[in-house]
Amino acid sequence: MSVYTSVGEAELAAWLSRYSIGQLKSLKGIAAGITNTNYFVDTTHGRYVLTLFEVLRLDELPYYLELMSHLARHGVACPAPIADSTDGYASMLAGKPACLVTCLTGAEVSAPSAAQCFAVGEMLAAMHEAGNTFPRRMANPRGPAWWSATAAGLYAEMDALDAASLREEVAFQDRYRFAHLPTGVVHADLFRDNVLFDGDRVAGFIDFYYACNDVLAYDVAIALNDWARRDDGAIDDALARALLAGYQSLRRFSDDEKAAWPVLLRAAGLRFWTSRLLDLYRPQAGEMTYTKDPKVFQRVVEDHRARRDFWL
Ligand SMILES: Nc1ncnc2c1ncn2[C@@H]1O[C@H](COP(=O)(O)OP(=O)(O)OP(=O)(O)O)[C@@H](O)[C@H]1O
Ligand SMILES: N[C@@H](CCO)C(=O)O
């Protein structure tokens, strides 16, 4: 269920008059997605995706929409926001901030092949390169200060062994600082459900609403922990190598990045272990989310602790 805010045809047709994209033919709610309301909008000019933001405020949107526009302009596969007659990308519709973006072809893949992991890695490197000339800055709201504070608020309610393992990881990560590593624009949530594929070709990255400035190799670690993870929870060596090979076909890791890589893989696991624990223990009132299992990322972190070969 992802249509939280209903939009009527007459209301949408009136709102669309601020765009130069033809006349409304139809709109159809999109079932996938958790956070926002999404519709396919067909006009006489073609198909677009309408997003009504359920959490982000109107004044928070320019960073994300300008980023998507910048990346699309640089050839990164992602939706391009459509500008309205005020040259803005977002305005209010049905009481929510809303925007229109180009509709991509393709579909999510739940069990990616090595070729698809290679393609994701390569497109992520392209995104990192294109991000170099994006002028805006955004701190990562889900960084070390956030996971330390969030975890501290949950230990008392957790199973004692799980809490001890979480504490160990937070303390481990506290010993490292990565100010010397290359930083730039990161997607920060490049999971399988945020990439559309057309065969083995990346049709587009979507859902840029955690994008921010952070360590580039950390973004690769976030992607690898999801794309190379099998159904049984273990990381598949061939998929991990393929994603890294794709990434490094465009942007090679420096020696500093190689040295930090094992710790970054654990940090990337800790970030989602913590956010899933937060969703489990502190569900937001009125939010229709289904809780994703934190244990999956506990296992990712604990497996990385014991790992000796990190695929580089
Ligand atoms: N530009 C696009 N072109 C084609 N399909 C899209 C586009 N944007 C979103 N979709 C489709 O809509 C679905 C929901 O989008 P998305 O995952 O961004 O939802 P959300 O609720 O905003 O985010 P999340 O589920 O991560 O909280 C996607 O799975 C995809 O199928
Ligand atoms: N990709 C995240 C949810 C959205 O941030 C997860 O699977 O936990």
# chains A, B, ... in the order shown; residues from 1 in each chain; ligands from 1
call {"tool": "residues_around", "arguments": {"residues": "Asp162 of chain A", "least_positions_apart": "5", "cutoff": "9 Å", "atoms": "only C-alpha atoms", "output": "list of chain:residue names"}}
result
A:Tyr155, A:Arg167, A:Gln298
call {"tool": "residues_around", "arguments": {"residues": "segment 181-183 of chain A", "least_positions_apart": "4", "cutoff": "12 Å", "atoms": "only C-alpha atoms", "output": "mmCIF file with N, CA and C atoms, in the first residue's frame"}}
result
data_model
loop_
_atom_site.group_PDB
_atom_site.id
_atom_site.type_symbol
_atom_site.label_atom_id
_atom_site.label_comp_id
_atom_site.auth_asym_id
_atom_site.auth_seq_id
_atom_site.Cartn_x
_atom_site.Cartn_y
_atom_site.Cartn_z
ATOM 1 N N HIS A 128 29.081 8.815 -8.534
ATOM 2 C CA HIS A 128 30.069 9.494 -7.681
ATOM 3 C C HIS A 128 30.873 10.516 -8.485
ATOM 4 N N GLU A 129 31.229 10.153 -9.717
ATOM 5 C CA GLU A 129 32.003 11.095 -10.548
ATOM 6 C C GLU A 129 31.154 12.312 -10.901
ATOM 7 N N GLY A 131 28.709 13.509 -9.290
ATOM 8 C CA GLY A 131 28.417 14.284 -8.085
ATOM 9 C C GLY A 131 29.493 15.312 -7.757
ATOM 10 N N ASN A 132 30.700 15.130 -8.328
ATOM 11 C CA ASN A 132 31.807 16.056 -8.025
ATOM 12 C C ASN A 132 31.480 17.504 -8.328
ATOM 13 N N ARG A 137 25.531 21.032 -0.563
ATOM 14 C CA ARG A 137 26.090 20.112 0.443
ATOM 15 C C ARG A 137 24.992 19.672 1.400
ATOM 16 N N MET A 138 25.089 18.436 1.869
ATOM 17 C CA MET A 138 24.134 17.907 2.855
ATOM 18 C C MET A 138 24.902 16.951 3.771
ATOM 19 N N ALA A 139 24.866 17.207 5.075
ATOM 20 C CA ALA A 139 25.519 16.279 6.011
ATOM 21 C C ALA A 139 24.698 14.995 6.079
ATOM 22 N N ASN A 140 25.352 13.874 6.428
ATOM 23 C CA ASN A 140 24.619 12.605 6.550
ATOM 24 C C ASN A 140 23.875 12.573 7.887
ATOM 25 N N TYR A 176 37.494 4.585 14.726
ATOM 26 C CA TYR A 176 37.932 4.968 13.376
ATOM 27 C C TYR A 176 37.351 6.310 12.972
ATOM 28 N N ARG A 177 38.142 7.088 12.273
ATOM 29 C CA ARG A 177 37.683 8.335 11.654
ATOM 30 C C ARG A 177 38.135 8.299 10.199
ATOM 31 N N CYS A 212 23.406 12.419 0.360
ATOM 32 C CA CYS A 212 24.107 13.401 1.202
ATOM 33 C C CYS A 212 25.580 13.366 0.808
ATOM 34 N N ASN A 213 26.394 14.141 1.514
ATOM 35 C CA ASN A 213 27.838 14.076 1.308
ATOM 36 C C ASN A 213 28.443 13.148 2.337
ATOM 37 N N ASP A 214 29.215 12.200 1.861
ATOM 38 C CA ASP A 214 29.869 11.276 2.791
ATOM 39 C C ASP A 214 31.001 10.570 2.045
ATOM 40 N N VAL A 215 31.608 9.601 2.733
ATOM 41 C CA VAL A 215 32.727 8.845 2.167
ATOM 42 C C VAL A 215 32.217 7.976 1.004
ATOM 43 N N LEU A 216 32.860 8.102 -0.156
ATOM 44 C CA LEU A 216 32.371 7.393 -1.351
ATOM 45 C C LEU A 216 32.411 5.867 -1.170
ATOM 46 N N ALA A 217 33.497 5.361 -0.605
ATOM 47 C CA ALA A 217 33.613 3.904 -0.459
ATOM 48 C C ALA A 217 32.552 3.350 0.508
ATOM 49 N N TYR A 218 32.091 4.167 1.422
ATOM 50 C CA TYR A 218 31.016 3.753 2.338
ATOM 51 C C TYR A 218 29.731 3.487 1.546
ATOM 52 N N ASP A 219 29.489 4.303 0.519
ATOM 53 C CA ASP A 219 28.314 4.107 -0.340
ATOM 54 C C ASP A 219 28.420 2.772 -1.088
ATOM 55 N N VAL A 220 29.632 2.418 -1.502
ATOM 56 C CA VAL A 220 29.846 1.127 -2.177
ATOM 57 C C VAL A 220 29.556 -0.005 -1.189
ATOM 58 N N ARG A 251 36.185 3.818 -11.250
ATOM 59 C CA ARG A 251 36.859 4.573 -10.180
ATOM 60 C C ARG A 251 37.558 3.595 -9.249
ATOM 61 N N ARG A 252 38.890 3.549 -9.331
ATOM 62 C CA ARG A 252 39.646 2.590 -8.513
ATOM 63 C C ARG A 252 39.758 3.090 -7.080
ATOM 64 N N PHE A 253 39.694 2.161 -6.124
ATOM 65 C CA PHE A 253 39.925 2.520 -4.722
ATOM 66 C C PHE A 253 41.390 2.927 -4.538
ATOM 67 N N SER A 254 41.613 3.938 -3.729
ATOM 68 C CA SER A 254 42.984 4.317 -3.344
ATOM 69 C C SER A 254 43.470 3.331 -2.281
ATOM 70 N N ASP A 255 44.750 3.409 -1.934
ATOM 71 C CA ASP A 255 45.280 2.532 -0.875
ATOM 72 C C ASP A 255 44.583 2.823 0.453
ATOM 73 N N ASP A 256 44.286 4.090 0.725
ATOM 74 C CA ASP A 256 43.578 4.443 1.967
ATOM 75 C C ASP A 256 42.176 3.811 1.980
ATOM 76 N N GLU A 257 41.502 3.850 0.852
ATOM 77 C CA GLU A 257 40.151 3.256 0.787
ATOM 78 C C GLU A 257 40.220 1.740 0.966
ATOM 79 N N LYS A 258 41.250 1.127 0.361
ATOM 80 C CA LYS A 258 41.395 -0.331 0.520
ATOM 81 C C LYS A 258 41.625 -0.683 1.988
ATOM 82 N N ALA A 259 42.437 0.131 2.658
ATOM 83 C CA ALA A 259 42.733 -0.150 4.075
ATOM 84 C C ALA A 259 41.471 0.006 4.936
ATOM 85 N N ALA A 260 40.628 0.972 4.591
ATOM 86 C CA ALA A 260 39.427 1.252 5.399
ATOM 87 C C ALA A 260 38.253 0.329 5.046
ATOM 88 N N TRP A 261 38.327 -0.336 3.908
ATOM 89 C CA TRP A 261 37.185 -1.068 3.354
ATOM 90 C C TRP A 261 36.533 -2.052 4.329
ATOM 91 N N LEU A 264 34.502 -0.104 6.742
ATOM 92 C CA LEU A 264 33.359 0.555 6.086
ATOM 93 C C LEU A 264 32.220 -0.429 5.829
#
call {"tool": "residues_near_ligand", "arguments": {"ligand": "ligand 2", "cutoff": "6 Å", "atoms": "only C-alpha atoms and all ligand atoms", "output": "list in words"}}
result
Asp189, Phe191, Phe272 and Arg276 of chain A
call {"tool": "write_last_selection", "arguments": {"atoms": "N, CA and C atoms", "output": "PDB file, in the first residue's frame"}}
result
ATOM      1  N   ASP A 189      21.471   4.688   0.130  1.00  0.00           N
ATOM      2  CA  ASP A 189      20.409   3.680   0.339  1.00  0.00           C
ATOM      3  C   ASP A 189      20.217   2.866  -0.943  1.00  0.00           C
ATOM      4  N   PHE A 191      19.826   0.045  -2.277  1.00  0.00           N
ATOM      5  CA  PHE A 191      19.393  -1.340  -2.132  1.00  0.00           C
ATOM      6  C   PHE A 191      18.741  -1.803  -3.438  1.00  0.00           C
ATOM      7  N   PHE A 272      22.232   0.175   8.961  1.00  0.00           N
ATOM      8  CA  PHE A 272      20.893  -0.386   8.692  1.00  0.00           C
ATOM      9  C   PHE A 272      20.431  -1.327   9.808  1.00  0.00           C
ATOM     10  N   ARG A 276      16.836  -0.341  11.379  1.00  0.00           N
ATOM     11  CA  ARG A 276      15.782  -1.360  11.456  1.00  0.00           C
ATOM     12  C   ARG A 276      15.374  -1.623  12.908  1.00  0.00           C
TER      13      ARG A 276
END
call {"tool": "closest_atom_pairs", "arguments": {"of": "chain A", "to": "ligand 1", "cutoff": "7 Å", "atoms": "only C-alpha atoms and all ligand atoms", "output": "JSON lines"}}
result
{"residue": "A:Ser2", "atom": "CA", "partner": "ligand 1", "partner_atom_place_in_ligand_line": "21 (O)", "distance": 6.3}
{"residue": "A:Ile30", "atom": "CA", "partner": "ligand 1", "partner_atom_place_in_ligand_line": "12 (O)", "distance": 5.8}
{"residue": "A:Ala32", "atom": "CA", "partner": "ligand 1", "partner_atom_place_in_ligand_line": "13 (C)", "distance": 4.5}
{"residue": "A:Gly33", "atom": "CA", "partner": "ligand 1", "partner_atom_place_in_ligand_line": "25 (O)", "distance": 3.1}
{"residue": "A:Ile34", "atom": "CA", "partner": "ligand 1", "partner_atom_place_in_ligand_line": "25 (O)", "distance": 3.8}
{"residue": "A:Thr35", "atom": "CA", "partner": "ligand 1", "partner_atom_place_in_ligand_line": "21 (O)", "distance": 3.7}
{"residue": "A:Asn36", "atom": "CA", "partner": "ligand 1", "partner_atom_place_in_ligand_line": "21 (O)", "distance": 3.9}
{"residue": "A:Thr37", "atom": "CA", "partner": "ligand 1", "partner_atom_place_in_ligand_line": "21 (O)", "distance": 6.1}
{"residue": "A:Asn38", "atom": "CA", "partner": "ligand 1", "partner_atom_place_in_ligand_line": "12 (O)", "distance": 6.2}
{"residue": "A:Val49", "atom": "CA", "partner": "ligand 1", "partner_atom_place_in_ligand_line": "1 (N)", "distance": 5.5}
{"residue": "A:Pro79", "atom": "CA", "partner": "ligand 1", "partner_atom_place_in_ligand_line": "1 (N)", "distance": 4.8}
{"residue": "A:Val101", "atom": "CA", "partner": "ligand 1", "partner_atom_place_in_ligand_line": "1 (N)", "distance": 5.8}
{"residue": "A:Thr102", "atom": "CA", "partner": "ligand 1", "partner_atom_place_in_ligand_line": "1 (N)", "distance": 5.4}
{"residue": "A:Cys103", "atom": "CA", "partner": "ligand 1", "partner_atom_place_in_ligand_line": "3 (N)", "distance": 3.6}
{"residue": "A:Leu104", "atom": "CA", "partner": "ligand 1", "partner_atom_place_in_ligand_line": "3 (N)", "distance": 3.8}
{"residue": "A:Thr105", "atom": "CA", "partner": "ligand 1", "partner_atom_place_in_ligand_line": "4 (C)", "distance": 6.0}
{"residue": "A:Ala107", "atom": "CA", "partner": "ligand 1", "partner_atom_place_in_ligand_line": "31 (O)", "distance": 6.4}
{"residue": "A:Glu108", "atom": "CA", "partner": "ligand 1", "partner_atom_place_in_ligand_line": "29 (O)", "distance": 6.8}
{"residue": "A:Asp193", "atom": "CA", "partner": "ligand 1", "partner_atom_place_in_ligand_line": "29 (O)", "distance": 6.1}
{"residue": "A:Asn194", "atom": "CA", "partner": "ligand 1", "partner_atom_place_in_ligand_line": "17 (O)", "distance": 6.0}
{"residue": "A:Ile206", "atom": "CA", "partner": "ligand 1", "partner_atom_place_in_ligand_line": "18 (O)", "distance": 5.8}
{"residue": "A:Asp207", "atom": "CA", "partner": "ligand 1", "partner_atom_place_in_ligand_line": "18 (O)", "distance": 4.5}
call {"tool": "residues_around", "arguments": {"residues": "Ile21 of chain A", "least_positions_apart": "6", "cutoff": "12 Å", "atoms": "only C-alpha atoms", "output": "list of chain:residue names"}}
result
A:Ala13, A:Trp15, A:Val41, A:Asp42, A:Thr43, A:Thr44, A:His45, A:Gly46, A:Arg47, A:Tyr48, A:Ile82, A:Ala83, A:Asp84, A:Ser85, A:Leu100, A:Val101, A:Thr102
call {"tool": "residues_around", "arguments": {"residues": "Asp226 of chain A", "least_positions_apart": "4", "cutoff": "12 Å", "atoms": "only C-alpha atoms", "output": "PyMOL selection string"}}
result
chain A and resi 109-112+117+120+188-195+219-222+230-231+233-236+239-240+243+265+268-269+272+296-297+300
